[in-house]
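> Contents of protein.txt (compact mmCIF, C-alpha atoms) are given next:
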# COMPACT_ATOMS: atom_id res chain seq x y z
CA MET A 1 -173.54 33.18 31.12
CA LYS A 2 -174.37 33.88 34.78
CA TYR A 3 -172.19 35.84 37.18
CA TYR A 4 -172.24 35.50 40.95
CA GLU A 5 -170.84 37.92 43.49
CA GLY A 6 -169.96 37.40 47.12
CA GLU A 7 -167.36 35.85 49.39
CA LEU A 8 -166.37 32.22 49.01
CA SER A 9 -166.16 29.79 51.91
CA LEU A 10 -162.66 28.30 51.79
CA VAL A 11 -161.70 24.69 52.43
CA ASP A 12 -158.96 24.51 55.08
CA LYS A 13 -156.69 22.33 52.91
CA VAL A 14 -155.64 22.15 49.26
CA LEU A 15 -157.58 19.46 47.42
CA ASP A 16 -156.13 17.34 44.63
CA LYS A 17 -158.23 18.06 41.55
CA ASP A 18 -158.14 14.53 40.08
CA SER A 19 -159.11 12.93 43.40
CA PHE A 20 -161.86 15.51 43.99
CA VAL A 21 -163.36 15.01 40.52
CA ALA A 22 -163.16 11.22 40.89
CA LYS A 23 -164.97 11.36 44.24
CA ILE A 24 -167.79 13.46 42.76
CA SER A 25 -168.07 11.33 39.63
CA HIS A 26 -168.47 8.18 41.74
CA SER A 27 -171.17 9.82 43.90
CA ILE A 28 -173.47 11.06 41.11
CA ILE A 29 -175.24 8.64 38.74
CA PRO A 30 -175.39 9.31 35.88
CA MET A 31 -172.57 11.85 35.81
CA PRO A 32 -173.76 15.09 34.14
CA ALA A 33 -172.00 16.14 30.94
CA ASN A 34 -169.72 19.19 30.80
CA PHE A 35 -168.85 18.88 34.46
CA GLN A 36 -165.94 21.26 35.12
CA VAL A 37 -163.94 21.91 38.28
CA GLU A 38 -161.36 24.57 39.03
CA ILE A 39 -159.46 24.68 42.32
CA LEU A 40 -157.94 27.97 43.48
CA ASP A 41 -155.42 27.57 46.29
CA GLU A 42 -153.77 30.12 48.53
CA GLU A 43 -151.73 29.66 51.71
CA GLY A 44 -152.90 26.14 52.51
CA SER A 45 -156.59 26.77 51.75
CA CYS A 46 -158.56 26.49 48.53
CA ALA A 47 -161.84 27.34 46.84
CA CYS A 48 -163.56 24.87 44.52
CA ILE A 49 -165.42 26.33 41.57
CA ILE A 50 -167.81 23.79 40.04
CA GLN A 51 -169.67 24.40 36.80
CA VAL A 52 -172.46 22.07 35.65
CA ASN A 53 -174.50 22.86 32.56
CA LYS A 54 -178.15 21.95 32.21
CA SER A 55 -178.41 18.18 31.99
CA ARG A 56 -179.90 16.29 29.07
CA THR A 57 -180.11 13.07 31.06
CA LYS A 58 -181.89 14.02 34.30
CA PRO A 59 -182.67 13.01 36.97
CA HIS A 60 -179.35 12.33 38.71
CA ARG A 61 -178.93 10.29 41.87
CA TYR A 62 -176.58 11.40 44.65
CA LYS A 63 -175.75 9.00 47.50
CA ASP A 64 -178.62 6.70 46.51
CA ARG A 65 -181.23 9.48 46.58
CA TYR A 66 -182.74 11.97 44.16
CA TRP A 67 -182.78 15.61 45.27
CA MET A 68 -184.59 18.81 44.33
CA ARG A 69 -184.37 22.52 45.16
CA LEU A 70 -187.43 24.11 46.76
CA ASP A 71 -187.56 27.65 48.19
CA GLY A 72 -183.79 27.86 48.27
CA GLN A 73 -183.44 24.58 50.16
CA THR A 74 -182.45 21.05 49.13
CA HIS A 75 -184.99 18.27 49.73
CA VAL A 76 -185.30 14.61 48.85
CA ALA A 77 -187.34 14.49 45.62
CA PRO A 78 -190.73 12.74 45.90
CA HIS A 79 -191.46 9.72 43.75
CA HIS A 80 -193.88 11.49 41.38
CA TYR A 81 -191.28 14.21 40.68
CA VAL A 82 -188.56 11.67 39.83
CA ARG A 83 -190.98 9.67 37.69
CA ALA A 84 -191.94 12.78 35.72
CA LEU A 85 -188.28 13.63 35.06
CA MET A 86 -187.55 10.09 33.88
CA ARG A 87 -190.37 10.30 31.37
CA GLU A 88 -188.72 13.40 29.91
CA VAL A 89 -185.66 11.38 28.84
CA THR A 90 -185.75 11.14 25.04
CA TYR A 91 -182.72 8.93 24.46
CA PRO A 92 -180.69 6.37 26.45
CA ASN A 93 -177.79 7.70 28.47
CA LEU A 94 -174.74 5.59 27.62
CA GLU A 95 -171.51 6.00 29.55
CA CYS A 96 -168.15 4.30 29.24
CA TYR A 97 -165.37 3.73 31.76
CA ILE A 98 -161.97 2.08 31.45
CA LYS A 99 -159.81 0.22 33.93
CA VAL A 100 -156.12 -0.67 33.69
CA GLU A 101 -155.86 -4.32 34.75
CA GLY A 102 -152.07 -4.60 34.65
CA ILE A 103 -148.85 -4.28 32.68
CA GLU A 104 -146.12 -6.83 32.03
CA LEU A 105 -142.82 -6.90 30.12
CA LYS A 106 -142.60 -10.06 28.01
CA GLU A 107 -140.53 -11.43 25.14
CA TRP A 108 -142.27 -11.41 21.75
CA THR A 109 -142.27 -14.81 20.00
CA LEU A 110 -144.55 -14.32 16.97
CA HIS A 111 -143.64 -13.22 13.43
CA ASP A 112 -145.97 -10.40 12.51
CA LEU A 113 -146.22 -6.66 11.79
CA ASP A 114 -143.30 -4.55 12.99
CA LEU A 115 -142.75 -6.50 16.19
CA LYS A 116 -139.37 -8.22 16.47
CA VAL A 117 -139.07 -11.80 17.64
CA GLY A 118 -136.98 -12.07 20.79
CA LYS A 119 -137.48 -8.45 21.83
CA ASN A 120 -139.23 -7.49 25.08
CA TYR A 121 -142.48 -5.54 24.75
CA LEU A 122 -144.89 -4.16 27.31
CA HIS A 123 -148.30 -5.83 27.40
CA LEU A 124 -150.83 -3.34 28.78
CA GLU A 125 -154.10 -4.99 29.82
CA VAL A 126 -157.13 -2.68 29.68
CA SER A 127 -160.87 -3.25 30.22
CA HIS A 128 -163.70 -0.96 29.23
CA TYR A 129 -167.29 -0.94 30.42
CA ILE A 130 -170.26 0.53 28.54
CA ILE A 131 -173.34 1.06 30.71
CA ASN A 132 -176.88 2.20 29.93
CA TRP A 133 -177.99 4.41 32.84
CA SER A 134 -181.53 5.01 31.53
CA GLY A 135 -183.87 2.95 33.63
CA HIS A 136 -186.80 3.02 31.21
CA ILE A 137 -185.08 2.91 27.80
CA ASN A 138 -183.08 0.02 26.39
CA GLU A 139 -180.43 0.87 23.80
CA GLU A 140 -179.74 -1.06 20.62
CA ARG A 141 -176.91 -1.50 18.12
CA ILE A 142 -174.17 0.23 20.09
CA MET A 143 -171.00 0.93 18.15
CA PHE A 144 -167.67 2.07 19.57
CA GLN A 145 -164.06 2.55 18.59
CA VAL A 146 -160.90 2.77 20.70
CA PHE A 147 -157.69 4.52 19.62
CA THR A 148 -154.21 4.29 21.14
CA ASP A 149 -151.47 6.74 20.24
CA LYS A 150 -148.67 4.32 21.22
CA GLY A 151 -148.31 0.64 20.46
CA ILE A 152 -150.87 -1.58 18.75
CA PHE A 153 -153.79 -3.76 19.82
CA ARG A 154 -152.45 -7.30 20.17
CA ASP A 155 -155.36 -8.99 18.40
CA SER A 156 -154.78 -6.88 15.29
CA ILE A 157 -151.96 -9.25 14.28
CA TYR A 158 -154.38 -12.15 13.71
CA PRO A 159 -155.77 -12.30 10.13
CA TYR A 160 -159.19 -13.59 11.22
CA LYS A 161 -159.63 -10.50 13.45
CA ALA A 162 -158.08 -7.94 11.09
CA ALA A 163 -161.48 -6.56 10.01
CA ASN A 164 -161.90 -5.09 13.51
CA TYR A 165 -158.72 -2.99 13.33
CA GLN A 166 -157.56 0.03 11.36
CA LYS A 167 -154.47 2.30 11.15
CA ARG A 168 -152.03 -0.64 11.42
CA GLY A 169 -153.53 -1.88 14.65
CA LYS A 170 -153.92 1.45 16.45
CA VAL A 171 -157.72 1.64 16.12
CA TYR A 172 -160.11 -1.04 17.35
CA ARG A 173 -163.57 -0.82 15.83
CA PRO A 174 -165.68 -4.01 16.00
CA ASP A 175 -167.48 -4.76 12.76
CA SER A 176 -170.55 -6.02 14.68
CA PRO A 177 -172.56 -3.79 17.07
CA ILE A 178 -173.71 -4.61 20.59
CA GLU A 179 -177.28 -5.62 19.79
CA ILE A 180 -178.99 -4.45 23.00
CA LEU A 181 -178.01 -2.97 26.35
CA TYR A 182 -180.37 -2.97 29.33
CA TYR A 183 -180.29 -0.61 32.29
CA GLY A 184 -177.38 -1.20 34.65
CA GLU A 185 -176.08 -4.25 32.77
CA PRO A 186 -172.55 -3.34 31.64
CA TYR A 187 -170.97 -4.50 28.42
CA MET A 188 -167.36 -5.34 29.26
CA GLU A 189 -164.46 -6.04 26.93
CA LYS A 190 -160.80 -6.62 27.66
CA TYR A 191 -157.84 -6.13 25.33
CA TYR A 192 -154.06 -5.87 25.29
CA ILE A 193 -151.96 -3.05 23.86
CA ILE A 194 -148.40 -4.00 22.88
CA ILE A 195 -145.89 -1.17 23.42
CA ASP A 196 -142.22 -0.87 22.57
CA PRO A 197 -140.47 0.43 25.73
CA GLU A 198 -138.29 2.60 23.49
CA ASP A 199 -141.41 4.63 22.58
CA LEU A 200 -141.66 5.71 26.22
CA ILE A 201 -138.16 7.20 26.53
CA ASP A 202 -139.21 10.77 25.68
CA ASP A 203 -142.89 10.55 26.62
CA ARG A 204 -144.21 8.05 29.17
CA ASN A 205 -147.85 8.92 28.56
CA LEU A 206 -150.12 6.75 26.44
CA GLU A 207 -153.42 8.24 25.28
CA ILE A 208 -156.56 6.17 24.84
CA LEU A 209 -159.48 7.81 23.08
CA MET A 210 -162.88 6.16 22.90
CA THR A 211 -166.03 7.18 21.03
CA PHE A 212 -169.37 5.37 21.27
CA ALA A 213 -173.04 5.76 20.34
CA GLY A 214 -176.20 3.71 19.88
CA LYS A 215 -179.23 3.57 17.66
CA HIS A 216 -180.91 6.36 19.63
CA SER A 217 -178.13 7.82 21.81
CA PRO A 218 -175.81 10.54 20.45
CA GLN A 219 -172.09 9.99 20.14
CA LYS A 220 -169.89 10.57 23.17
CA LYS A 221 -166.16 10.74 23.66
CA SER A 222 -163.77 9.85 26.47
CA THR A 223 -160.02 10.51 26.61
CA TYR A 224 -157.67 8.90 29.11
CA ILE A 225 -153.96 9.28 29.78
CA ILE A 226 -152.05 6.27 31.11
CA CYS A 227 -148.65 7.19 32.56
CA ILE A 228 -146.25 4.24 32.40
CA LYS A 229 -143.25 4.39 34.72
CA LYS A 230 -141.03 2.24 36.93
CA ASN A 231 -141.19 1.86 40.71
CA GLU A 232 -138.32 1.47 43.16
CA ASN A 233 -138.07 -2.24 42.26
CA ASP A 234 -137.58 -1.38 38.57
CA GLU A 235 -141.05 -2.80 37.77
CA PHE A 236 -143.40 -1.10 35.33
CA ILE A 237 -146.48 0.46 36.90
CA THR A 238 -149.32 2.63 35.56
CA GLU A 239 -151.32 5.67 36.61
CA LEU A 240 -154.66 6.43 34.96
CA LYS A 241 -155.78 10.04 34.45
CA ILE A 242 -159.10 11.21 33.01
CA GLU A 243 -158.79 13.99 30.43
CA GLN A 244 -162.49 13.95 29.54
CA GLU A 245 -165.13 11.32 30.11
CA ASN A 246 -168.54 10.72 28.52
CA GLU A 247 -168.70 14.11 26.81
CA LEU A 248 -171.22 14.58 24.02
CA ILE A 249 -169.42 15.25 20.72
CA ILE A 250 -171.84 18.06 19.94
CA ASP A 251 -171.02 19.73 23.27
CA LEU A 252 -167.28 19.44 22.62
CA HIS A 253 -167.70 21.10 19.23
CA GLU A 254 -169.75 23.90 20.77
CA GLN A 255 -167.18 24.45 23.52
CA SER A 256 -164.28 24.59 21.07
CA GLY A 257 -166.18 26.91 18.74
CA THR A 258 -165.78 24.51 15.81
CA THR A 259 -167.88 25.72 12.90
CA LYS A 260 -169.68 23.58 10.34
CA LYS A 261 -167.19 24.72 7.70
CA GLU A 262 -164.20 23.72 9.85
CA LEU A 263 -165.74 20.34 10.65
CA LEU A 264 -166.40 19.64 6.96
CA ASN A 265 -162.85 20.63 6.12
CA LEU A 266 -161.50 18.07 8.63
CA LEU A 267 -163.84 15.34 7.37
CA LEU A 268 -163.02 15.97 3.71
CA ASN A 269 -159.29 16.24 4.40
CA PRO A 270 -158.54 13.28 6.70
CA GLU A 271 -154.78 13.82 6.38
CA LYS A 272 -155.25 16.80 8.70
CA LEU A 273 -156.80 14.70 11.48
Turn the structure described in the file into structure tokens.

Amino acid sequence: MKYYEGELSLVDKVLDKDSFVAKISHSIIPMPANFQVEILDEEGSCACIIQVNKSRTKPHRYKDRYWMRLDGQTHVAPHHYVRALMREVTYPNLECYIKVEGIELKEWTLHDLDLKVGKNYLHLEVSHYIINWSGHINEERIMFQVFTDKGIFRDSIYPYKAANYQKRGKVYRPDSPIEILYYGEPYMEKYYIIIDPEDLIDDRNLEILMTFAGKHSPQKKSTYIICIKKNENDEFITELKIEQENELIIDLHEQSGTTKKELLNLLLNPEKL
């Protein structure tokens, strides 16, 4: 660990952490793993502490250019430098993003699972995008699974699609992989999560957890919180928050200090998961 001493230059307003992180994440492609931000505020000013570990998926582009440090200064990286870094990439860099498309309260009319005919349920429409950001390496046989802690995936009620769902419709795991993914060409999928409004009385937050990997790319994990509430017109609305996004599973285990013995214990005793 490195320590730095000296005075910090303060920002003359208090920044919202979620907005600040979102702005950075949309400016850097691909987003480096283990990106952490802490904002310290005092009397209307704040200091932003940003920690970025050594990247396994360099180079990274910022505002449509690649940059490098030389003699303590930042310069636009020359073509040969960027090309050399790209050749160092040993596996494709997959990333996933989700988008809440909408939410609607509708009467349920089908006889299936624990859903009651004639009762109103929330239909949450969500899309996810998986993108290969490695310009010189295609990825093959990408697998993913999506978990929701509230409600069920709507398509899990259909017998001909049941093989894609587990845990009584709470886990979506397609039985067929995405065969190939080229650079910059996103794989998009849309699905509906059916939620009983009564499940939101004590806790309005719904958690979506997604893991994904490919033939050559290591497994990553993203966790999102969707807050479901009502506006002044008594209509349901949503707010999406990123808990963690595109984090390597191995990095998460190292950060948490999970040992091999503890990991085996969880895998061999799934009731503890």
> Within 7 Å of region 175-189 of chain A, counting all atoms listed in the file, which residues show up once you throw out same-chain ones fewer than 6 positions away? Write them as a VMD selection string, please.
chain A and resid 127 to 135 138 to 143 163 to 164
> I'd like the interatomic distance between CA of Glu262 (chain A) and CA of Glu247 (chain A), to a tenth of an Å.
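If I compute the distance from CA of Glu262 (chain A) to CA of Glu247 (chain A), I get 20.0 Å.
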> Can you pull out the residues contacting Asp18 (chain A)? Cut-off 12 Å, using only C-alpha atoms, and skip same-chain residues under 3 positions away; I want them as a ChimeraX atom specification.
/A:15,21-25,36-39,239-244
> Which neighbours of Asp155 (chain A) fall inside 8 Å, counting all atoms listed in the file, when residues of the same chain fewer than 5 positions from it are skipped, and could you give them as a PyMOL selection string?
chain A and resi 161-162+191-192
> Looking at all atoms listed in the file, which of A:Gly102, A:Gly151, A:Pro159, A:Pro59 is the one that sits closest to Ile28 (chain A)?
A:Pro59
> Here's a test: counting all atoms listed in the file, identify every protein, DNA and RNA residue with an atom at most 10 Å from (-150.2, -3.5, 8.2) in the file's coordinate frame, and state them as a PDB file with C-alpha atoms, in the frame of the given file.

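Now in result_16.pdb:
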ATOM      1  CA  ASP A 112    -145.970 -10.400  12.510  1.00  0.00           C
ATOM      2  CA  LEU A 113    -146.220  -6.660  11.790  1.00  0.00           C
ATOM      3  CA  ASP A 114    -143.300  -4.550  12.990  1.00  0.00           C
ATOM      4  CA  SER A 156    -154.780  -6.880  15.290  1.00  0.00           C
ATOM      5  CA  ILE A 157    -151.960  -9.250  14.280  1.00  0.00           C
ATOM      6  CA  ALA A 162    -158.080  -7.940  11.090  1.00  0.00           C
ATOM      7  CA  TYR A 165    -158.720  -2.990  13.330  1.00  0.00           C
ATOM      8  CA  GLN A 166    -157.560   0.030  11.360  1.00  0.00           C
ATOM      9  CA  LYS A 167    -154.470   2.300  11.150  1.00  0.00           C
ATOM     10  CA  ARG A 168    -152.030  -0.640  11.420  1.00  0.00           C
ATOM     11  CA  GLY A 169    -153.530  -1.880  14.650  1.00  0.00           C
TER      12      GLY A 169
END
> When you count all atoms listed in the file, which of these residues is closest to Ile237 (chain A): A:Lys220, A:Arg154, A:Lys170, A:His123?
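Of all the options, A:His123 lies closest to Ile237 (chain A).
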> Determine, counting all atoms listed in the file, which protein, DNA and RNA residues have an atom within 8 Å of an atom of Phe35 (chain A); residues of the same chain fewer than 6 positions away are not included. Present the result as a tab-separated table (two decimals) with C-alpha atoms, in the frame of the given file.

chain	number	residue	atom	x	y	z
A	50	ILE	CA	-167.81	23.79	40.04
A	51	GLN	CA	-169.67	24.40	36.80
A	52	VAL	CA	-172.46	22.07	35.65
A	53	ASN	CA	-174.50	22.86	32.56
> In Å to one decimal, how far is CA of Thr148 (chain A) from CA of Glu235 (chain A)?
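About the pair CA of Glu235 (chain A) and CA of Thr148 (chain A): they are 22.4 Å apart.
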> Using all atoms listed in the file, which of the listed residues (A:Asp64, A:Glu245, A:Asp149, A:Asp196) sits closest to Lys106 (chain A)?
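Of A:Asp64, A:Glu245, A:Asp149, A:Asp196, the one nearest Lys106 (chain A) is A:Asp196, counting all atoms listed in the file.
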> At what distance in Å, to one decimal, does CA of Asp199 (chain A) lie from CA of Leu124 (chain A)?
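Rounded to one decimal, the two atoms are 13.8 Å apart.
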> Nearest to Thr223 (chain A): which of A:Glu104, A:His26, A:Lys190, A:Ile98 is it, counting all atoms listed in the file?
A:Ile98
> Of the candidates A:Cys48, A:Asp41, A:Tyr62, A:Thr238, which one gets nearest to His75 (chain A) if we count only C-alpha atoms?
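Selected residue with least distance to His75 (chain A): A:Tyr62.
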